Each structure stands twice: as structure tokens, then as C-alpha cells.
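Engineer: Contents of start_1.tsv (TSV, N, CA and C atoms):
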```tsv
chain	number	residue	atom	x	y	z
I	1	VAL	N	-36.43	-80.57	-33.95
I	1	VAL	CA	-37.31	-79.42	-33.80
I	1	VAL	C	-38.66	-79.80	-34.39
I	2	PRO	N	-39.64	-79.96	-33.54
I	2	PRO	CA	-40.96	-80.37	-34.05
I	2	PRO	C	-41.61	-79.27	-34.90
I	3	PRO	N	-42.52	-79.67	-35.79
I	3	PRO	CA	-43.17	-78.67	-36.65
I	3	PRO	C	-43.84	-77.54	-35.86
I	4	SER	N	-44.39	-77.84	-34.70
I	4	SER	CA	-45.05	-76.78	-33.91
I	4	SER	C	-44.03	-75.74	-33.44
I	5	THR	N	-42.82	-76.17	-33.10
I	5	THR	CA	-41.77	-75.24	-32.70
I	5	THR	C	-41.31	-74.42	-33.89
I	6	ALA	N	-41.14	-75.06	-35.03
I	6	ALA	CA	-40.75	-74.35	-36.25
I	6	ALA	C	-41.80	-73.28	-36.59
I	7	ALA	N	-43.07	-73.64	-36.45
I	7	ALA	CA	-44.14	-72.68	-36.72
I	7	ALA	C	-44.11	-71.52	-35.72
I	8	ALA	N	-43.87	-71.83	-34.46
I	8	ALA	CA	-43.80	-70.78	-33.43
I	8	ALA	C	-42.64	-69.83	-33.70
I	9	ILE	N	-41.51	-70.37	-34.14
I	9	ILE	CA	-40.36	-69.53	-34.48
I	9	ILE	C	-40.71	-68.63	-35.66
I	10	GLY	N	-41.33	-69.21	-36.68
I	10	GLY	CA	-41.74	-68.42	-37.85
I	10	GLY	C	-42.72	-67.32	-37.47
I	11	ASP	N	-43.72	-67.64	-36.65
I	11	ASP	CA	-44.69	-66.64	-36.20
I	11	ASP	C	-44.01	-65.53	-35.39
I	12	THR	N	-43.08	-65.92	-34.54
I	12	THR	CA	-42.35	-64.94	-33.73
I	12	THR	C	-41.56	-64.00	-34.63
I	13	ARG	N	-40.87	-64.56	-35.61
I	13	ARG	CA	-40.10	-63.74	-36.55
I	13	ARG	C	-41.01	-62.80	-37.34
I	14	ASP	N	-42.15	-63.32	-37.79
I	14	ASP	CA	-43.10	-62.51	-38.56
I	14	ASP	C	-43.60	-61.31	-37.76
I	15	ARG	N	-43.72	-61.48	-36.45
I	15	ARG	CA	-44.19	-60.40	-35.57
I	15	ARG	C	-43.06	-59.50	-35.11
I	16	GLY	N	-41.82	-59.82	-35.51
I	16	GLY	CA	-40.67	-59.02	-35.10
I	16	GLY	C	-40.16	-59.37	-33.71
I	17	GLY	N	-40.58	-60.53	-33.21
I	17	GLY	CA	-40.17	-60.96	-31.88
I	17	GLY	C	-38.81	-61.63	-31.88
I	18	ARG	N	-38.34	-61.95	-30.68
I	18	ARG	CA	-37.05	-62.61	-30.50
I	18	ARG	C	-37.24	-64.06	-30.08
I	19	VAL	N	-36.33	-64.89	-30.55
I	19	VAL	CA	-36.31	-66.29	-30.15
I	19	VAL	C	-35.38	-66.40	-28.95
I	20	VAL	N	-35.95	-66.84	-27.83
I	20	VAL	CA	-35.19	-66.99	-26.59
I	20	VAL	C	-35.05	-68.48	-26.32
I	21	ALA	N	-33.82	-68.96	-26.33
I	21	ALA	CA	-33.55	-70.37	-26.05
I	21	ALA	C	-33.34	-70.56	-24.56
I	22	VAL	N	-33.98	-71.58	-24.01
I	22	VAL	CA	-33.82	-71.90	-22.60
I	22	VAL	C	-32.89	-73.11	-22.52
I	23	GLY	N	-31.62	-72.81	-22.28
I	23	GLY	CA	-30.61	-73.86	-22.16
I	23	GLY	C	-29.72	-73.95	-23.38
I	24	THR	N	-28.48	-74.39	-23.14
I	24	THR	CA	-27.50	-74.50	-24.21
I	24	THR	C	-27.85	-75.60	-25.20
I	25	THR	N	-28.53	-76.64	-24.74
I	25	THR	CA	-28.94	-77.70	-25.66
I	25	THR	C	-29.93	-77.16	-26.68
I	26	VAL	N	-30.83	-76.30	-26.24
I	26	VAL	CA	-31.80	-75.69	-27.16
I	26	VAL	C	-31.07	-74.77	-28.13
I	27	VAL	N	-30.10	-74.00	-27.64
I	27	VAL	CA	-29.31	-73.13	-28.53
I	27	VAL	C	-28.68	-73.97	-29.64
I	28	ARG	N	-27.99	-75.01	-29.25
I	28	ARG	CA	-27.28	-75.86	-30.22
I	28	ARG	C	-28.27	-76.52	-31.18
I	29	THR	N	-29.37	-76.99	-30.66
I	29	THR	CA	-30.38	-77.64	-31.50
I	29	THR	C	-30.94	-76.68	-32.54
I	30	LEU	N	-31.33	-75.48	-32.11
I	30	LEU	CA	-31.90	-74.52	-33.06
I	30	LEU	C	-30.88	-74.04	-34.08
I	31	GLU	N	-29.65	-73.84	-33.65
I	31	GLU	CA	-28.63	-73.38	-34.59
I	31	GLU	C	-28.26	-74.48	-35.59
I	32	ALA	N	-28.22	-75.72	-35.15
I	32	ALA	CA	-27.97	-76.84	-36.08
I	32	ALA	C	-29.13	-76.98	-37.05
I	33	TRP	N	-30.34	-76.90	-36.55
I	33	TRP	CA	-31.55	-76.99	-37.37
I	33	TRP	C	-31.55	-75.89	-38.43
I	34	SER	N	-31.13	-74.70	-38.06
I	34	SER	CA	-31.08	-73.59	-38.99
I	34	SER	C	-30.13	-73.86	-40.15
I	35	ARG	N	-29.06	-74.57	-39.87
I	35	ARG	CA	-28.05	-74.85	-40.90
I	35	ARG	C	-28.39	-76.08	-41.74
I	36	LEU	N	-29.08	-77.04	-41.15
I	36	LEU	CA	-29.39	-78.29	-41.87
I	36	LEU	C	-30.68	-78.22	-42.67
I	37	GLY	N	-31.52	-77.23	-42.37
I	37	GLY	CA	-32.81	-77.15	-43.03
I	37	GLY	C	-33.84	-78.00	-42.32
I	38	ARG	N	-35.06	-77.84	-42.70
I	38	ARG	CA	-36.16	-78.56	-42.05
I	38	ARG	C	-36.14	-80.03	-42.45
I	39	PRO	N	-36.21	-80.90	-41.45
I	39	PRO	CA	-36.24	-82.34	-41.77
I	39	PRO	C	-37.59	-82.75	-42.32
I	40	LEU	N	-37.62	-83.88	-42.98
I	40	LEU	CA	-38.88	-84.47	-43.44
I	40	LEU	C	-39.66	-84.93	-42.22
I	41	ASP	N	-40.97	-85.06	-42.35
I	41	ASP	CA	-41.79	-85.53	-41.23
I	41	ASP	C	-41.25	-86.85	-40.70
I	42	GLY	N	-41.04	-86.90	-39.39
I	42	GLY	CA	-40.58	-88.13	-38.75
I	42	GLY	C	-39.09	-88.36	-38.82
I	43	GLU	N	-38.37	-87.54	-39.57
I	43	GLU	CA	-36.92	-87.71	-39.70
I	43	GLU	C	-36.23	-87.21	-38.44
I	44	THR	N	-35.23	-87.94	-37.99
I	44	THR	CA	-34.40	-87.47	-36.89
I	44	THR	C	-32.99	-87.23	-37.41
I	45	ARG	N	-32.30	-86.33	-36.74
I	45	ARG	CA	-30.96	-85.96	-37.17
I	45	ARG	C	-30.05	-85.83	-35.95
I	46	SER	N	-28.78	-85.86	-36.21
I	46	SER	CA	-27.80	-85.56	-35.18
I	46	SER	C	-26.90	-84.45	-35.72
I	47	THR	N	-26.10	-83.88	-34.84
I	47	THR	CA	-25.22	-82.80	-35.27
I	47	THR	C	-23.89	-82.90	-34.53
I	48	ASP	N	-22.87	-82.37	-35.15
I	48	ASP	CA	-21.58	-82.23	-34.48
I	48	ASP	C	-21.22	-80.74	-34.35
I	49	LEU	N	-22.23	-79.91	-34.39
I	49	LEU	CA	-22.02	-78.46	-34.30
I	49	LEU	C	-21.37	-78.10	-32.97
I	50	PHE	N	-20.25	-77.40	-33.03
I	50	PHE	CA	-19.53	-76.94	-31.85
I	50	PHE	C	-19.56	-75.42	-31.89
I	51	ILE	N	-20.26	-74.81	-30.96
I	51	ILE	CA	-20.40	-73.36	-30.92
I	51	ILE	C	-19.32	-72.79	-30.02
I	52	ARG	N	-18.48	-71.95	-30.61
I	52	ARG	CA	-17.37	-71.33	-29.89
I	52	ARG	C	-17.21	-69.90	-30.41
I	53	PRO	N	-16.36	-69.09	-29.75
I	53	PRO	CA	-16.21	-67.71	-30.21
I	53	PRO	C	-15.93	-67.63	-31.72
I	54	GLY	N	-16.60	-66.67	-32.33
I	54	GLY	CA	-16.54	-66.50	-33.78
I	54	GLY	C	-17.76	-67.06	-34.49
I	55	PHE	N	-18.57	-67.82	-33.75
I	55	PHE	CA	-19.77	-68.43	-34.32
I	55	PHE	C	-20.79	-67.34	-34.66
I	56	GLU	N	-21.47	-67.51	-35.79
I	56	GLU	CA	-22.52	-66.57	-36.20
I	56	GLU	C	-23.89	-67.19	-35.88
I	57	PHE	N	-24.57	-66.61	-34.89
I	57	PHE	CA	-25.90	-67.10	-34.52
I	57	PHE	C	-26.91	-66.67	-35.57
I	58	ARG	N	-27.74	-67.60	-36.00
I	58	ARG	CA	-28.76	-67.32	-37.01
I	58	ARG	C	-30.18	-67.39	-36.45
I	59	GLU	N	-30.38	-68.22	-35.46
I	59	GLU	CA	-31.73	-68.53	-35.01
I	59	GLU	C	-32.05	-67.97	-33.63
I	60	VAL	N	-31.09	-67.96	-32.75
I	60	VAL	CA	-31.30	-67.59	-31.35
I	60	VAL	C	-30.96	-66.11	-31.15
I	61	ASP	N	-31.88	-65.40	-30.49
I	61	ASP	CA	-31.68	-63.98	-30.22
I	61	ASP	C	-31.33	-63.69	-28.77
I	62	ALA	N	-31.60	-64.63	-27.89
I	62	ALA	CA	-31.29	-64.50	-26.47
I	62	ALA	C	-31.29	-65.90	-25.87
I	63	MET	N	-30.61	-66.04	-24.72
I	63	MET	CA	-30.61	-67.36	-24.09
I	63	MET	C	-30.64	-67.24	-22.58
I	64	LEU	N	-31.29	-68.21	-21.96
I	64	LEU	CA	-31.30	-68.38	-20.52
I	64	LEU	C	-30.49	-69.64	-20.25
I	65	THR	N	-29.47	-69.52	-19.43
I	65	THR	CA	-28.61	-70.66	-19.16
I	65	THR	C	-28.04	-70.55	-17.77
I	66	ASN	N	-27.67	-71.69	-17.21
I	66	ASN	CA	-27.05	-71.63	-15.89
I	66	ASN	C	-25.56	-71.38	-16.04
I	67	PHE	N	-24.87	-71.23	-14.92
I	67	PHE	CA	-23.43	-71.03	-14.93
I	67	PHE	C	-22.77	-72.40	-15.03
I	68	HIS	N	-21.89	-72.56	-16.00
I	68	HIS	CA	-21.30	-73.86	-16.31
I	68	HIS	C	-19.90	-73.98	-15.72
I	69	LEU	N	-19.42	-75.20	-15.71
I	69	LEU	CA	-18.09	-75.45	-15.16
I	69	LEU	C	-17.01	-74.81	-16.04
I	70	PRO	N	-15.94	-74.32	-15.41
I	70	PRO	CA	-14.86	-73.69	-16.19
I	70	PRO	C	-14.28	-74.63	-17.24
I	71	ARG	N	-13.79	-74.04	-18.30
I	71	ARG	CA	-13.12	-74.76	-19.39
I	71	ARG	C	-14.00	-75.83	-20.04
I	72	SER	N	-15.30	-75.62	-20.02
I	72	SER	CA	-16.21	-76.58	-20.65
I	72	SER	C	-16.65	-76.05	-22.02
I	73	THR	N	-17.17	-76.94	-22.84
I	73	THR	CA	-17.69	-76.52	-24.14
I	73	THR	C	-18.88	-75.58	-23.96
I	74	LEU	N	-19.58	-75.69	-22.85
I	74	LEU	CA	-20.72	-74.81	-22.61
I	74	LEU	C	-20.27	-73.39	-22.30
I	75	VAL	N	-19.14	-73.23	-21.63
I	75	VAL	CA	-18.58	-71.90	-21.43
I	75	VAL	C	-18.13	-71.32	-22.78
I	76	ALA	N	-17.63	-72.17	-23.66
I	76	ALA	CA	-17.27	-71.72	-25.01
I	76	ALA	C	-18.50	-71.21	-25.74
I	77	LEU	N	-19.63	-71.91	-25.59
I	77	LEU	CA	-20.87	-71.46	-26.23
I	77	LEU	C	-21.29	-70.10	-25.68
I	78	VAL	N	-21.27	-69.94	-24.37
I	78	VAL	CA	-21.62	-68.65	-23.77
I	78	VAL	C	-20.65	-67.56	-24.24
I	79	SER	N	-19.37	-67.90	-24.34
I	79	SER	CA	-18.38	-66.94	-24.83
I	79	SER	C	-18.63	-66.56	-26.28
I	80	ALA	N	-19.14	-67.50	-27.07
I	80	ALA	CA	-19.49	-67.18	-28.46
I	80	ALA	C	-20.60	-66.14	-28.50
I	81	TRP	N	-21.47	-66.19	-27.52
I	81	TRP	CA	-22.60	-65.26	-27.45
I	81	TRP	C	-22.15	-63.90	-26.90
I	82	ALA	N	-21.51	-63.93	-25.73
I	82	ALA	CA	-21.24	-62.70	-24.99
I	82	ALA	C	-19.83	-62.17	-25.17
I	83	GLY	N	-18.96	-62.95	-25.78
I	83	GLY	CA	-17.56	-62.56	-25.88
I	83	GLY	C	-16.77	-63.13	-24.71
I	84	ARG	N	-15.53	-63.46	-24.98
I	84	ARG	CA	-14.71	-64.13	-23.95
I	84	ARG	C	-14.51	-63.26	-22.71
I	85	GLU	N	-14.08	-62.03	-22.90
I	85	GLU	CA	-13.79	-61.16	-21.76
I	85	GLU	C	-15.05	-60.86	-20.95
I	86	ARG	N	-16.14	-60.62	-21.62
I	86	ARG	CA	-17.40	-60.35	-20.91
I	86	ARG	C	-17.85	-61.58	-20.14
I	87	THR	N	-17.71	-62.75	-20.76
I	87	THR	CA	-18.08	-63.99	-20.08
I	87	THR	C	-17.22	-64.20	-18.84
I	88	LEU	N	-15.91	-64.00	-18.96
I	88	LEU	CA	-15.03	-64.14	-17.80
I	88	LEU	C	-15.43	-63.17	-16.69
I	89	GLY	N	-15.82	-61.96	-17.07
I	89	GLY	CA	-16.29	-60.98	-16.09
I	89	GLY	C	-17.57	-61.41	-15.42
I	90	LEU	N	-18.49	-61.97	-16.19
I	90	LEU	CA	-19.75	-62.47	-15.62
I	90	LEU	C	-19.48	-63.58	-14.62
I	91	TYR	N	-18.59	-64.48	-14.98
I	91	TYR	CA	-18.27	-65.60	-14.11
I	91	TYR	C	-17.54	-65.13	-12.86
I	92	GLU	N	-16.66	-64.15	-12.99
I	92	GLU	CA	-15.96	-63.61	-11.82
I	92	GLU	C	-16.96	-63.00	-10.84
I	93	GLU	N	-17.89	-62.23	-11.39
I	93	GLU	CA	-18.94	-61.63	-10.55
I	93	GLU	C	-19.80	-62.70	-9.89
I	94	ALA	N	-20.11	-63.76	-10.62
I	94	ALA	CA	-20.93	-64.84	-10.06
I	94	ALA	C	-20.21	-65.54	-8.90
I	95	VAL	N	-18.91	-65.75	-9.04
I	95	VAL	CA	-18.13	-66.39	-7.97
I	95	VAL	C	-18.12	-65.48	-6.74
I	96	GLU	N	-17.88	-64.19	-6.95
I	96	GLU	CA	-17.85	-63.23	-5.85
I	96	GLU	C	-19.19	-63.15	-5.13
I	97	ALA	N	-20.29	-63.28	-5.88
I	97	ALA	CA	-21.63	-63.20	-5.29
I	97	ALA	C	-22.10	-64.52	-4.70
I	98	GLY	N	-21.31	-65.58	-4.87
I	98	GLY	CA	-21.68	-66.88	-4.30
I	98	GLY	C	-22.73	-67.63	-5.10
I	99	TYR	N	-22.83	-67.35	-6.40
I	99	TYR	CA	-23.78	-68.08	-7.23
I	99	TYR	C	-23.38	-69.54	-7.30
I	100	ARG	N	-24.38	-70.38	-7.51
I	100	ARG	CA	-24.12	-71.81	-7.66
I	100	ARG	C	-23.96	-72.13	-9.14
I	101	PHE	N	-23.03	-73.01	-9.41
I	101	PHE	CA	-22.70	-73.40	-10.77
I	101	PHE	C	-23.24	-74.79	-11.06
I	102	TYR	N	-23.19	-75.14	-12.34
I	102	TYR	CA	-23.53	-76.47	-12.85
I	102	TYR	C	-25.04	-76.68	-12.81
I	103	SER	N	-25.48	-77.90	-12.96
I	103	SER	CA	-26.91	-78.20	-13.01
I	103	SER	C	-27.59	-77.79	-11.71
I	104	TYR	N	-28.78	-77.26	-11.84
I	104	TYR	CA	-29.59	-76.82	-10.72
I	104	TYR	C	-28.93	-75.67	-9.97
I	105	GLY	N	-28.13	-74.91	-10.66
I	105	GLY	CA	-27.49	-73.75	-10.06
I	105	GLY	C	-28.24	-72.49	-10.45
I	106	ASP	N	-27.58	-71.37	-10.27
I	106	ASP	CA	-28.16	-70.09	-10.66
I	106	ASP	C	-28.10	-69.93	-12.17
I	107	ALA	N	-28.88	-69.02	-12.69
I	107	ALA	CA	-28.97	-68.84	-14.15
I	107	ALA	C	-28.73	-67.39	-14.52
I	108	MET	N	-28.49	-67.17	-15.81
I	108	MET	CA	-28.33	-65.82	-16.35
I	108	MET	C	-29.10	-65.73	-17.66
I	109	LEU	N	-29.62	-64.55	-17.91
I	109	LEU	CA	-30.31	-64.26	-19.17
I	109	LEU	C	-29.38	-63.41	-20.01
I	110	LEU	N	-29.02	-63.92	-21.17
I	110	LEU	CA	-28.12	-63.21	-22.09
I	110	LEU	C	-28.94	-62.64	-23.24
I	111	LEU	N	-28.98	-61.32	-23.32
I	111	LEU	CA	-29.75	-60.65	-24.36
I	111	LEU	C	-28.86	-60.11	-25.45
```
For the structure just supplied, provide its representation as C-alpha cells.
Structural biologist:
Amino acid sequence: VPPSTAAAIGDTRDRGGRVVAVGTTVVRTLEAWSRLGRPLDGETRSTDLFIRPGFEFREVDAMLTNFHLPRSTLVALVSAWAGRERTLGLYEEAVEAGYRFYSYGDAMLLL
């Protein structure tokens, strides 16, 4: 998370705004960053953070993500956000409506 992004998040929070992550990779990155603290200038880090139901989100207030393949870790992340039953309902509706899944498919905004 570059310093400019950290500053933008801080400014957004100060104004009472919401942090909207675009993509599950951004969700995971921001949530890991929130737990590890701010790195030193130029420092890089990795994470083994696995977001699944029961996870407590600290940094992300909403997310935009596409529809992922069934039984994937990304569906687990969405289920952590929206709840398992609600996520299954969203996916059922998406299948019925003919939405496209996986990369370059249709997307959903989770508030």
C-alpha cells in the first residue's frame, strides 16, 4: 500500500467516507496492511491472510468484485462480507440471469 493510498484512506476516514475496494486482491491487501501496520519506506511485505466467514473487516467498507468460480477462496471472501446464505442467493440469481463468471465477467457492488 503506497503512502499516497494510505493518505487517501486517512483523508476519506477523516471526512466520514467509505473505503471501497475494487477487487478481492485489494480487499485482502488493505485488510492485511491494516493488521501488519504501515511498512517502512520501500519495504515490501507478503501475507498469508485468508478471509473467510467470521472475518472482521477493519479497513474495507464496500467492495466491487466479479462473480467467482464456485468453491473458491474468493467466494469464501465474498461470503465473509455478505454471509454464506446471502452469497449463495446472489450467485443463484446471477446464474438465472445469465451473468458471466470469472475474469472479465459481470460484477457486483457489495455495500
Engineer: So how many Å separate CA of Met108 (chain I) and atom C of Ala6 (chain I), to one decimal?
Structural biologist: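 Here the two named atoms are 25.4 Å from each other.
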Engineer: For the structure I just gave you, how does DSSP split chain I - specifically, which residues are strand (DSSP E)? Reply as a ChimeraX atom specification.
Structural biologist: /I:20-22,62-66,107-110
Engineer: When distances are computed from only C-alpha atoms, which of I:Ala7, I:Leu74, I:Val1, I:Val19 shows the smallest separation from Gly37 (chain I)?
Structural biologist: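 Looking at the shortest contact to Gly37 (chain I), the residue is I:Val1.
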Engineer: Check the smallest atom-to-atom distance from each of I:Gly98, I:Pro53, I:Pro2, I:Gly17 to Ser79 (chain I) using all atoms listed in the file, then report the winner.
Structural biologist: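 Among the listed residues, the smallest separation from Ser79 (chain I) belongs to I:Pro53.
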Engineer: Looking at I:Glu43, I:Leu49, I:Val60, I:Phe67, which one is nearest to Val20 (chain I), with distances taken over only N, CA and C atoms?
Structural biologist: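 Result for the nearest residue to Val20 (chain I): I:Val60.
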Engineer: Here is a test: counting only C-alpha atoms, which residue of I:Pro39, I:Gly23, I:Gly16, I:Gly10 is nearest to Ala107 (chain I)?
Structural biologist: I:Gly23
Engineer: Using only C-alpha atoms, find the one residue out of I:Arg38, I:Arg100, I:Arg28, I:Arg45 that sits nearest to Thr5 (chain I).
Structural biologist: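 Closest to Thr5 (chain I) of all the choices is I:Arg38.
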Engineer: Taking the DSSP secondary structure from the backbone, can you list the residues of chain I that are helix (DSSP H, G or I), as a PyMOL selection string?
Structural biologist: chain I and resi 3-14+24-36+73-82+84-97
Engineer: What is the distance between atom N of Asp106 (chain I) and atom N of Trp81 (chain I), in Å to one decimal?
Structural biologist: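 One can read the atom N of Asp106 (chain I) to atom N of Trp81 (chain I) distance as 19.0 Å.
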Engineer: When you draw a straight line from atom N of Asp41 (chain I) to atom N of Ser4 (chain I), how long is it in Å?
Structural biologist: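 Spanning atom N of Asp41 (chain I) to atom N of Ser4 (chain I) is a straight-line distance of 11.1 Å.
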Engineer: Identify which of the residues I:Ile9, I:Ala97, I:Leu36, I:Leu109 lies closest to Thr24 (chain I), counting only C-alpha atoms when measuring atom-to-atom distances.
Structural biologist: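 Nearest candidate to Thr24 (chain I) out of I:Ile9, I:Ala97, I:Leu36, I:Leu109: I:Leu109.
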Engineer: Counting only C-alpha atoms, what is within 12 Å of Glu85 (chain I), bar same-chain residues fewer than 6 positions away, as a CSV table (one decimal) with N, CA and C atoms, in the coordinates of the input?
Structural biologist:
```
chain,number,residue,atom,x,y,z
I,53,PRO,N,-16.4,-69.1,-29.8
I,53,PRO,CA,-16.2,-67.7,-30.2
I,53,PRO,C,-15.9,-67.6,-31.7
I,75,VAL,N,-19.1,-73.2,-21.6
I,75,VAL,CA,-18.6,-71.9,-21.4
I,75,VAL,C,-18.1,-71.3,-22.8
I,76,ALA,N,-17.6,-72.2,-23.7
I,76,ALA,CA,-17.3,-71.7,-25.0
I,76,ALA,C,-18.5,-71.2,-25.7
I,78,VAL,N,-21.3,-69.9,-24.4
I,78,VAL,CA,-21.6,-68.6,-23.8
I,78,VAL,C,-20.6,-67.6,-24.2
I,79,SER,N,-19.4,-67.9,-24.3
I,79,SER,CA,-18.4,-66.9,-24.8
I,79,SER,C,-18.6,-66.6,-26.3
I,91,TYR,N,-18.6,-64.5,-15.0
I,91,TYR,CA,-18.3,-65.6,-14.1
I,91,TYR,C,-17.5,-65.1,-12.9
I,92,GLU,N,-16.7,-64.2,-13.0
I,92,GLU,CA,-16.0,-63.6,-11.8
I,92,GLU,C,-17.0,-63.0,-10.8
```
Engineer: Output as lines of an AutoDock Vina configuration file the centre and edge lengths (Å, one decimal) of the box along x, y and z of the file that holds every listed atom of region 76-95 of chain I after adding 3 Å on each side.
Structural biologist:
```
center_x = -18.2
center_y = -66.3
center_z = -17.6
size_x = 14.8
size_y = 17.8
size_z = 27.8
```
